[in-house]
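Visitor: Starting off with a structure, shown below.
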Amino acid sequence: MKTLVTNIEEQARQVGRDLRFMEVCGTHTMAAFRSGLRQLLPDSVRLISGPGCPVCVTDPSYLDAAIELCRRPGVIVATFGDLVRVPGTDSSLERERASGASVRIVYSASDALVLARECPSKHVVFLGVGFETTAPTVAWAIWRAARDGLRNFSVLCAHKTMPRAMDMLARDPAMRIDGFICPGHVSVITGTQIYRFICERYWIPCVVSGFEAWDILKSVGMLLRQIAEGRAEVENEYSRSVSEYGNRAALELMNEVFEPCDDVWRGIGTIPGSGLGIREKYERFNAAKVLEVKFTEAHVNPLCRCGSVLRGISTPLDCRLFGHPCSPAHPIGPCMVSSEGACAAYYKYERVVA
Amino acid sequence: MCLAVPARIVELHDCTATISVDGILRDVDVSLIEEPRLGDYVLVHAGFAIHRWDQSEVEELQAIRAATDLRETIT
Amino acid sequence: MKRDRVLLAHGGGGSLTRELIETVFLPQLENSLLKPLDDSAVLVMGNSGYAFTTDSYVVTPYMFPGGDIGKLAVCGTINDLAVMGAQPFWLSLSLILEEGLPLADLQTIIDSVRAAAAEVGAQVVTGDTKVVERGKCEGVYINTAGLGKIAVPYWLGSANVKPGDAVIINGPIGEHGVAVMSRREGVAFQTSVTSDCAPLWPLVKTILDTGARIRAMRDPTRGGVAAAVCDIARASNVGIRLFEEAIPIGGEVRGACDLLGLDPLTIANEGKVLVFCSAKDAERVLAAMKDHPAGRPARIIGEVSAKPEGMALMRTTIGGERIIDMPTGEDLPRIC
């Protein structure tokens with residue numbers, strides 16, 4: 001570990017200027033903060049968090065729609081635990097549950113299917129949130145529901161994919177990104193080749209990283225070395241889990257059930273081709289259609305800076321609401337309530353480090 | 001949310017398997033990986049195995065953890 | 001978003017519980033005896049000091065690997081007395097039973113109550129029973145109160161901890177929480193982890209008998225070690241630094257936490273005690289603990305400093321540092 005850190009210091013000195021490396025995976029954000037590795041980096045190397053937390057980038061209108069659904073008698077909303085405390089315009093799924101609505105936390109999309117089978121008189125809506133790591137598991141659930149002729153199951157789909165978002169960030173000169181630490185588990189599914197265009201188009205080096213502190217530090221070192229050597233390539237630090245072409249079965253399933261669509265990322269706006277929509281063939285599992293969901297404009301606290309935090313433009317400390325009153329116990333924005341949000345990471349792990 | 005843990009397959013069923021994470025047993029779906037075998041190590045995310053590891057990859061993870069994670073495991 | 005209803009997280013033993021106490025209970029009920037909000041209230045009657053505590057137990061399921069709600073109720077109350085340095089003597093036992101509860105289960109629970117109390121020589125001296133309609137509670141809820149006599153000529157309390165003190169724990173963390181969770185519907189994992197539920201008085205007595213001056217003790221139940229050290233750091237206005245590599249944790253508990261994305265530091269324990277004592281007494285206390293069957297895996301896991309005031313930090317295995325935050329409380333409902 002010490003060698004890794006010394007190498008980083010050495011290389012940073014060689015490069016001789018301030019560098020901003022962006023990670024785009026909430027789990028990387030958390031790993032970096034929890035392990036305390038940020039303090040081991042030299043001052044010239046800054047790790048910024050990008051929009052890697054799927055809960056954080058989910059538009060508040062989606063939460064409002066989920067809340068409206070769970071208030072309907074005869075509907076059970078099944079969701080990953082991460083979404084339960086996220087505030088919509090004036091409520092949250094947690095609060096609705098406290099008022100008697102049917103909200104069930106599940107660990108897997110397949111649990112939601114089991115729930116649908118066990119409660120044939122109710123319609124189970126699964127909240128499909130997550131990037132390419134999670135999307136295949138939800139695709140499987142839809143495919144399986146179709147195969148089994150399930151009539152009381154659907155997915156409210158808000159899945160998003162990384163490449164277009166990274167493209168938008170890389171393209172923006174104000175972002176000044178010197179390197180990407182690419183998401184490890186997304187890459188297990190997609191393979192490393194999806195990042196090549198970033199190197200070719202923008203000359204920004206990319207390293208796919210694992211989640212141990214070791215992995216992240218090693219990846220920082222690899223980025224530094226690329227910069228020192230004037231290269232911009234996709235390198236794979238997480239080779240024990242990630243290959244060049246990814247998990248073919250998962251990709252095929254995703255392609256069978258989903259198709260790319262434009263999607264709104266909270267605080268960023270619409271990114272074309274960055275979302276996954278349920279194909280017409282599986283329309284009867286598309287909750288938005290089947291249950292006639294209306295998405296209305298949500299109201300967001302104007303002082304909340306989740307949007308610029310998600311783009312890596314501000315840090316949570318720049319937000320007037322940070323800490324007072326926005327905290328994990330009283331979250332105002334998703335970056336604070338999500339277990340992987342940048343604001344939560346700062347608040348929980350770094351708000352004062354002596 | 002991209003939480004994924006390495007786990008060992010201890011039982012195989014048709015499209016699910018029982019995996020062990022440090023002795024904790026749980027059933028996961030193995031539809032997304034090719035030819036799962038008993039004793040294989042897999043990466044588990046949201047109730048699904050998303051990647052199968054070979055022995056050298058497992059050893060790499062164990063080496064990293066041994067080097068940095070000094071917590072003693074009490075069994 | 002205005003919060004106008006009780007949420008599950010309010011019962012989690014974390015920051016929301018504290019908020020409920022501060023905004024709803026204290027304004028109406030505050031007095032000098034309640035104010036310290038320690039595990040027990042300390043009362044002086046005549047020339048003697050007593051500790052008085054109450055707890056309710058709503059654990060679901062009410063039978064779990066390593067115990068049941070009866071054992072939990074008695075041990076929990078005994079432990080709240082023990083950590084104030086009090087020998088437990090008298091307990092009350094108040095039961096709320098669900099219509100349809102099998103009498104055999106009730107018998108088992110009462111047997112557990114008897115056995116746990118007998119282990120420390122405490123007696124159930126008063127009780128009550130209510131029955132509610134089917135569906136109005138999950139089998140059994142128990143409330144206990146306990147009265148004990150303070151066994152040392154000084155006060156222990158969460159406000160007593162000082163810079164330089166050592167933090168010691170008697171064994172691996174997270175066992176109770178993981179054991180209970182494994183039996184929850186919808187969580188679905190199997191494990192051989194059993195609850196560490198146990199009465200701590202015998203171990204605490206050994207610690208007190210060393211003659212070392214113990215500043216404070218805490219049993220890290222709901223909210224785990226994280227909530228306990230945050231509370232103490234706040235109450236004593238000191239900084240507490242835990243060393244990640246020193247914290248004992250079993251492989252299966254770690255596996256369960258990895259699988260479910262939980263922090264082992266926030267998971268409930270029912271047979272563990274955190275001991276805060278001066279640095280010069282630490283080795284002596286540690287040796288005494290290790291000599292006792294309930295303390296063999298005991299470790300020094302941290303130290304107290306003047307700064308950062310009121311905060312708990314973790315020195316990580318890679319040498320970095322991060323805050324140990326007060327858990328909000330919703331990860332594991334109905335764990336105690």
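Chain labels follow the order of the structure tokens: the first chain is A, the next B, and so on; residue numbering restarts at 1 in every chain, and ligands are counted from 1 in their shown order.
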DSSP says strand (DSSP E or B) for which residues of stretch 159-352 of chain A? Put them as a ChimeraX atom specification?

Guide: /A:160,179-182,206-208,234-236,258-265,269-278,286,322,326

Visitor: Quick one: everything within 10 Å of B:Ile64, counting only C-alpha atoms, minus sequence neighbours fewer than 3 positions away in the same chain. Send it as a list in words.

Guide: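 That gives Met1, Glu212, Ala213, Trp214 and Asp215 of chain A; Glu59, Glu60, Leu61, Ala67, Thr68 and Asp69 of chain B.
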
Visitor: Applying 10 Å and only C-alpha atoms, which residues near B:Phe48 remain after dropping the ones on its own chain fewer than 3 positions away? List them as an MDAnalysis selection string.

Guide: (chainID A and resid 108:110 134 136:137 140) or (chainID B and resid 4 16:17 27:33 42:45 51)

Visitor: I'd like the neighbourhood of C:Arg315 as a list in words, where a residue qualifies if any of its atoms comes within 9 Å (using only C-alpha atoms), though same-chain residues fewer than 4 positions away should be ignored.

Guide: Ser35 and Gly36 of chain A; Arg241, Leu242, Phe243, Glu244, Glu245, Gly319, Gly320, Glu321, Arg322 and Ile323 of chain C

Visitor: Between atom CA of A:Cys70 and atom CA of C:Leu260, what is the spacing in Å?

Guide: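 Computing it gives 24.5 Å between the two atoms.
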
Visitor: Just how far from atom CA of C:Ile232 is atom CA of C:Gly13, in Å to one decimal?

Guide: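 Between atom CA of C:Gly13 and atom CA of C:Ile232 the gap works out to 13.8 Å.
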
Visitor: Could you build a table of the residues in stretch 125-220 of chain C lying no more than 8 Å from stretch 269-273 of chain C, giving for each the nearest pair of atoms and their separation in Å rounded to one decimal place, using only C-alpha atoms, ordered by chain and ascending residue number, as a Markdown table?

Guide:
| residue | atom | partner | partner_atom | distance |
| --- | --- | --- | --- | --- |
| C:Ile169 | CA | C:Val273 | CA | 5.8 |
| C:Asn170 | CA | C:Lys272 | CA | 6.0 |
| C:Gly171 | CA | C:Lys272 | CA | 6.5 |
| C:Ile173 | CA | C:Asn269 | CA | 6.4 |
| C:Gly174 | CA | C:Asn269 | CA | 5.6 |
| C:Glu175 | CA | C:Asn269 | CA | 6.2 |
| C:His176 | CA | C:Asn269 | CA | 5.1 |
| C:Gly177 | CA | C:Asn269 | CA | 6.5 |
| C:Ser195 | CA | C:Glu270 | CA | 7.3 |
| C:Asp196 | CA | C:Gly271 | CA | 5.0 |
| C:Cys197 | CA | C:Glu270 | CA | 4.4 |
| C:Ala198 | CA | C:Gly271 | CA | 4.7 |
| C:Pro199 | CA | C:Gly271 | CA | 6.6 |
| C:Leu200 | CA | C:Gly271 | CA | 6.5 |
| C:Met217 | CA | C:Val273 | CA | 6.6 |
| C:Arg218 | CA | C:Val273 | CA | 5.6 |
| C:Asp219 | CA | C:Val273 | CA | 4.5 |
| C:Pro220 | CA | C:Asn269 | CA | 5.7 |

Visitor: Have a look at atom CA of C:Ile214 and atom CA of C:Lys71 and let me know their distance in Å, one decimal.

Guide: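 Going from atom CA of C:Ile214 over to atom CA of C:Lys71 covers 27.1 Å.
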
Visitor: Which residues of chain C have any atom within 7 Å of an atom in chain B when counting only C-alpha atoms, and what is the closest pair of atoms for each, with the distance in Å to one decimal? Order the rows by chain and rising number and write it as CSV.

Guide:
residue,atom,partner,partner_atom,distance
C:Ala188,CA,B:Arg26,CA,6.7
C:Phe189,CA,B:Arg26,CA,4.5
C:Gln190,CA,B:Leu25,CA,4.7
C:Thr191,CA,B:Ile24,CA,4.8
C:Glu245,CA,B:Arg71,CA,4.3
C:Ala246,CA,B:Arg71,CA,6.4
C:Ile247,CA,B:Arg71,CA,7.0
C:Pro248,CA,B:Glu72,CA,6.5
C:Ile249,CA,B:Thr73,CA,6.0
C:Gly250,CA,B:Ile74,CA,4.6
C:Gly251,CA,B:Thr73,CA,5.5
C:Glu252,CA,B:Asp22,CA,5.1
C:Gly255,CA,B:Asp22,CA,5.0
C:Ala256,CA,B:Ile24,CA,6.1
C:Asp258,CA,B:Val5,CA,6.5
C:Leu259,CA,B:Val5,CA,6.3
C:Thr317,CA,B:Asp69,CA,5.9
C:Ile318,CA,B:Thr68,CA,6.2

Visitor: Taking the DSSP secondary structure from the backbone, can you list the residues of stretch 29-277 of chain A that are helix (DSSP H, G or I), as an MDAnalysis selection string?

Guide: chainID A and resid 29:34 37:40 60:70 81:83 93:98 109:118 135:147 162:171 173:175 184:190 192:202 213:228 248:257

Visitor: Write the selection just made, keeping C-alpha atoms, as an mmCIF file, in the first residue's frame?

Guide:
data_model
loop_
_atom_site.group_PDB
_atom_site.id
_atom_site.type_symbol
_atom_site.label_atom_id
_atom_site.label_comp_id
_atom_site.auth_asym_id
_atom_site.auth_seq_id
_atom_site.Cartn_x
_atom_site.Cartn_y
_atom_site.Cartn_z
ATOM 1 C CA THR A 29 -17.424 7.359 -4.011
ATOM 2 C CA MET A 30 -18.225 5.438 -0.885
ATOM 3 C CA ALA A 31 -15.177 3.200 -1.040
ATOM 4 C CA ALA A 32 -12.910 6.225 -1.399
ATOM 5 C CA PHE A 33 -14.453 7.989 1.576
ATOM 6 C CA ARG A 34 -14.881 5.003 3.863
ATOM 7 C CA LEU A 37 -7.800 7.036 0.972
ATOM 8 C CA ARG A 38 -8.556 10.578 -0.094
ATOM 9 C CA GLN A 39 -6.222 11.834 2.589
ATOM 10 C CA LEU A 40 -3.394 9.741 1.217
ATOM 11 C CA PRO A 60 -37.761 13.795 -8.658
ATOM 12 C CA SER A 61 -40.792 13.427 -10.918
ATOM 13 C CA TYR A 62 -40.053 9.683 -10.910
ATOM 14 C CA LEU A 63 -40.240 9.623 -7.113
ATOM 15 C CA ASP A 64 -43.498 11.552 -7.234
ATOM 16 C CA ALA A 65 -44.855 9.002 -9.704
ATOM 17 C CA ALA A 66 -43.780 6.114 -7.465
ATOM 18 C CA ILE A 67 -45.428 7.799 -4.502
ATOM 19 C CA GLU A 68 -48.653 8.279 -6.454
ATOM 20 C CA LEU A 69 -48.560 4.594 -7.382
ATOM 21 C CA CYS A 70 -48.064 3.335 -3.856
ATOM 22 C CA GLY A 81 -34.001 0.098 -0.120
ATOM 23 C CA ASP A 82 -31.961 3.004 -1.479
ATOM 24 C CA LEU A 83 -35.016 4.778 -2.860
ATOM 25 C CA LEU A 93 -41.830 6.257 0.035
ATOM 26 C CA GLU A 94 -40.764 5.888 3.667
ATOM 27 C CA ARG A 95 -43.307 8.450 4.738
ATOM 28 C CA GLU A 96 -46.002 6.847 2.604
ATOM 29 C CA ARG A 97 -45.237 3.508 4.199
ATOM 30 C CA ALA A 98 -45.669 5.096 7.605
ATOM 31 C CA ALA A 109 -35.824 -7.834 -9.038
ATOM 32 C CA SER A 110 -36.487 -11.549 -8.754
ATOM 33 C CA ASP A 111 -37.858 -10.956 -5.228
ATOM 34 C CA ALA A 112 -40.371 -8.578 -6.797
ATOM 35 C CA LEU A 113 -41.477 -11.363 -9.150
ATOM 36 C CA VAL A 114 -41.906 -13.709 -6.202
ATOM 37 C CA LEU A 115 -43.998 -11.030 -4.513
ATOM 38 C CA ALA A 116 -46.204 -10.736 -7.593
ATOM 39 C CA ARG A 117 -46.734 -14.485 -7.629
ATOM 40 C CA GLU A 118 -47.582 -14.511 -3.924
ATOM 41 C CA ALA A 135 -30.430 -3.310 -15.666
ATOM 42 C CA PRO A 136 -29.783 -6.907 -16.814
ATOM 43 C CA THR A 137 -31.288 -8.254 -13.597
ATOM 44 C CA VAL A 138 -34.437 -6.238 -14.213
ATOM 45 C CA ALA A 139 -34.448 -7.269 -17.863
ATOM 46 C CA TRP A 140 -34.366 -10.854 -16.669
ATOM 47 C CA ALA A 141 -37.367 -10.218 -14.400
ATOM 48 C CA ILE A 142 -39.377 -8.769 -17.274
ATOM 49 C CA TRP A 143 -38.361 -11.542 -19.632
ATOM 50 C CA ARG A 144 -39.271 -14.142 -17.049
ATOM 51 C CA ALA A 145 -42.594 -12.472 -16.283
ATOM 52 C CA ALA A 146 -43.353 -12.586 -20.003
ATOM 53 C CA ARG A 147 -42.391 -16.214 -20.263
ATOM 54 C CA MET A 162 -23.010 5.618 -18.476
ATOM 55 C CA PRO A 163 -21.356 6.298 -21.839
ATOM 56 C CA ARG A 164 -23.525 9.244 -22.984
ATOM 57 C CA ALA A 165 -23.269 10.854 -19.563
ATOM 58 C CA MET A 166 -19.509 10.495 -19.572
ATOM 59 C CA ASP A 167 -19.482 11.929 -23.070
ATOM 60 C CA MET A 168 -21.334 15.006 -21.868
ATOM 61 C CA LEU A 169 -18.928 15.473 -18.963
ATOM 62 C CA ALA A 170 -15.836 14.917 -21.085
ATOM 63 C CA ARG A 171 -17.070 17.357 -23.703
ATOM 64 C CA PRO A 173 -14.441 22.317 -21.008
ATOM 65 C CA ALA A 174 -15.604 23.748 -17.677
ATOM 66 C CA MET A 175 -15.346 20.267 -16.197
ATOM 67 C CA GLY A 184 -15.985 -1.455 -12.068
ATOM 68 C CA HIS A 185 -19.223 -3.357 -11.930
ATOM 69 C CA VAL A 186 -20.901 -1.547 -14.802
ATOM 70 C CA SER A 187 -17.857 -2.672 -16.765
ATOM 71 C CA VAL A 188 -18.317 -6.296 -15.724
ATOM 72 C CA ILE A 189 -21.483 -6.146 -17.795
ATOM 73 C CA THR A 190 -20.484 -3.794 -20.618
ATOM 74 C CA THR A 192 -14.071 -1.941 -21.243
ATOM 75 C CA GLN A 193 -14.515 -1.168 -24.918
ATOM 76 C CA ILE A 194 -17.408 1.223 -24.212
ATOM 77 C CA TYR A 195 -14.960 3.838 -22.913
ATOM 78 C CA ARG A 196 -12.666 3.860 -25.912
ATOM 79 C CA PHE A 197 -14.480 6.734 -27.534
ATOM 80 C CA ILE A 198 -13.579 8.998 -24.607
ATOM 81 C CA CYS A 199 -9.894 8.447 -25.170
ATOM 82 C CA GLU A 200 -10.175 8.790 -28.920
ATOM 83 C CA ARG A 201 -12.467 11.783 -28.982
ATOM 84 C CA TYR A 202 -11.284 13.773 -25.990
ATOM 85 C CA ALA A 213 -8.851 0.945 -1.598
ATOM 86 C CA TRP A 214 -5.912 -0.745 -3.241
ATOM 87 C CA ASP A 215 -7.707 -0.857 -6.582
ATOM 88 C CA ILE A 216 -8.635 2.790 -6.486
ATOM 89 C CA LEU A 217 -5.157 3.923 -5.519
ATOM 90 C CA LYS A 218 -3.628 1.724 -8.195
ATOM 91 C CA SER A 219 -6.015 3.208 -10.746
ATOM 92 C CA VAL A 220 -5.008 6.734 -9.759
ATOM 93 C CA GLY A 221 -1.412 5.677 -10.284
ATOM 94 C CA MET A 222 -2.236 4.264 -13.699
ATOM 95 C CA LEU A 223 -3.947 7.490 -14.749
ATOM 96 C CA LEU A 224 -0.951 9.499 -13.594
ATOM 97 C CA ARG A 225 1.393 7.312 -15.546
ATOM 98 C CA GLN A 226 -0.679 7.681 -18.699
ATOM 99 C CA ILE A 227 -0.598 11.440 -18.329
ATOM 100 C CA ALA A 228 3.132 11.472 -17.667
ATOM 101 C CA ARG A 248 -22.611 -11.337 -23.296
ATOM 102 C CA ALA A 249 -25.654 -13.044 -21.806
ATOM 103 C CA ALA A 250 -26.449 -9.963 -19.756
ATOM 104 C CA LEU A 251 -25.997 -7.630 -22.715
ATOM 105 C CA GLU A 252 -28.216 -9.780 -24.924
ATOM 106 C CA LEU A 253 -30.940 -9.845 -22.321
ATOM 107 C CA MET A 254 -30.729 -6.092 -21.901
ATOM 108 C CA ASN A 255 -30.972 -5.634 -25.623
ATOM 109 C CA GLU A 256 -33.927 -7.995 -25.839
ATOM 110 C CA VAL A 257 -35.977 -6.149 -23.257
#

Visitor: Tell me which protein, DNA and RNA residues are within 12 Å of C:Ser15, counting only C-alpha atoms, leaving out same-chain ones fewer than 6 positions away, and put them as a PyMOL selection string.

Guide: (chain A and resi 327-330) or (chain C and resi 9+21-22+222-223+226-228+230-231+266+325-330)

Visitor: Go ahead and save the picked residues with C-alpha atoms, as an mmCIF file, in the first residue's frame.

Guide:
data_model
loop_
_atom_site.group_PDB
_atom_site.id
_atom_site.type_symbol
_atom_site.label_atom_id
_atom_site.label_comp_id
_atom_site.auth_asym_id
_atom_site.auth_seq_id
_atom_site.Cartn_x
_atom_site.Cartn_y
_atom_site.Cartn_z
ATOM 1 C CA SER A 327 -28.180 15.845 6.645
ATOM 2 C CA PRO A 328 -28.710 12.097 6.397
ATOM 3 C CA ALA A 329 -31.395 12.326 9.080
ATOM 4 C CA HIS A 330 -33.127 15.201 7.287
ATOM 5 C CA ALA C 9 -36.288 4.901 11.864
ATOM 6 C CA ILE C 21 -36.314 12.266 22.493
ATOM 7 C CA GLU C 22 -35.144 15.830 22.174
ATOM 8 C CA ARG C 222 -29.516 -0.679 18.560
ATOM 9 C CA GLY C 223 -27.293 1.464 16.414
ATOM 10 C CA ALA C 226 -21.240 3.501 16.003
ATOM 11 C CA ALA C 227 -24.193 4.898 17.933
ATOM 12 C CA ALA C 228 -22.534 4.112 21.269
ATOM 13 C CA CYS C 230 -21.058 8.868 18.950
ATOM 14 C CA ASP C 231 -23.234 9.224 22.042
ATOM 15 C CA THR C 266 -24.118 -0.048 13.170
ATOM 16 C CA ASP C 325 -21.336 8.944 11.822
ATOM 17 C CA MET C 326 -24.369 8.466 14.018
ATOM 18 C CA PRO C 327 -26.524 6.000 12.103
ATOM 19 C CA THR C 328 -29.954 7.358 11.167
ATOM 20 C CA GLY C 329 -31.636 4.180 12.337
ATOM 21 C CA GLU C 330 -33.633 2.657 9.535
#

Visitor: Using only C-alpha atoms for the distances, tell me which of B:Asp40, B:Ile50, B:Cys15, B:Val10 is nearest to chain A.

Guide: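 That would be B:Ile50, the residue with the smallest distance to chain A.
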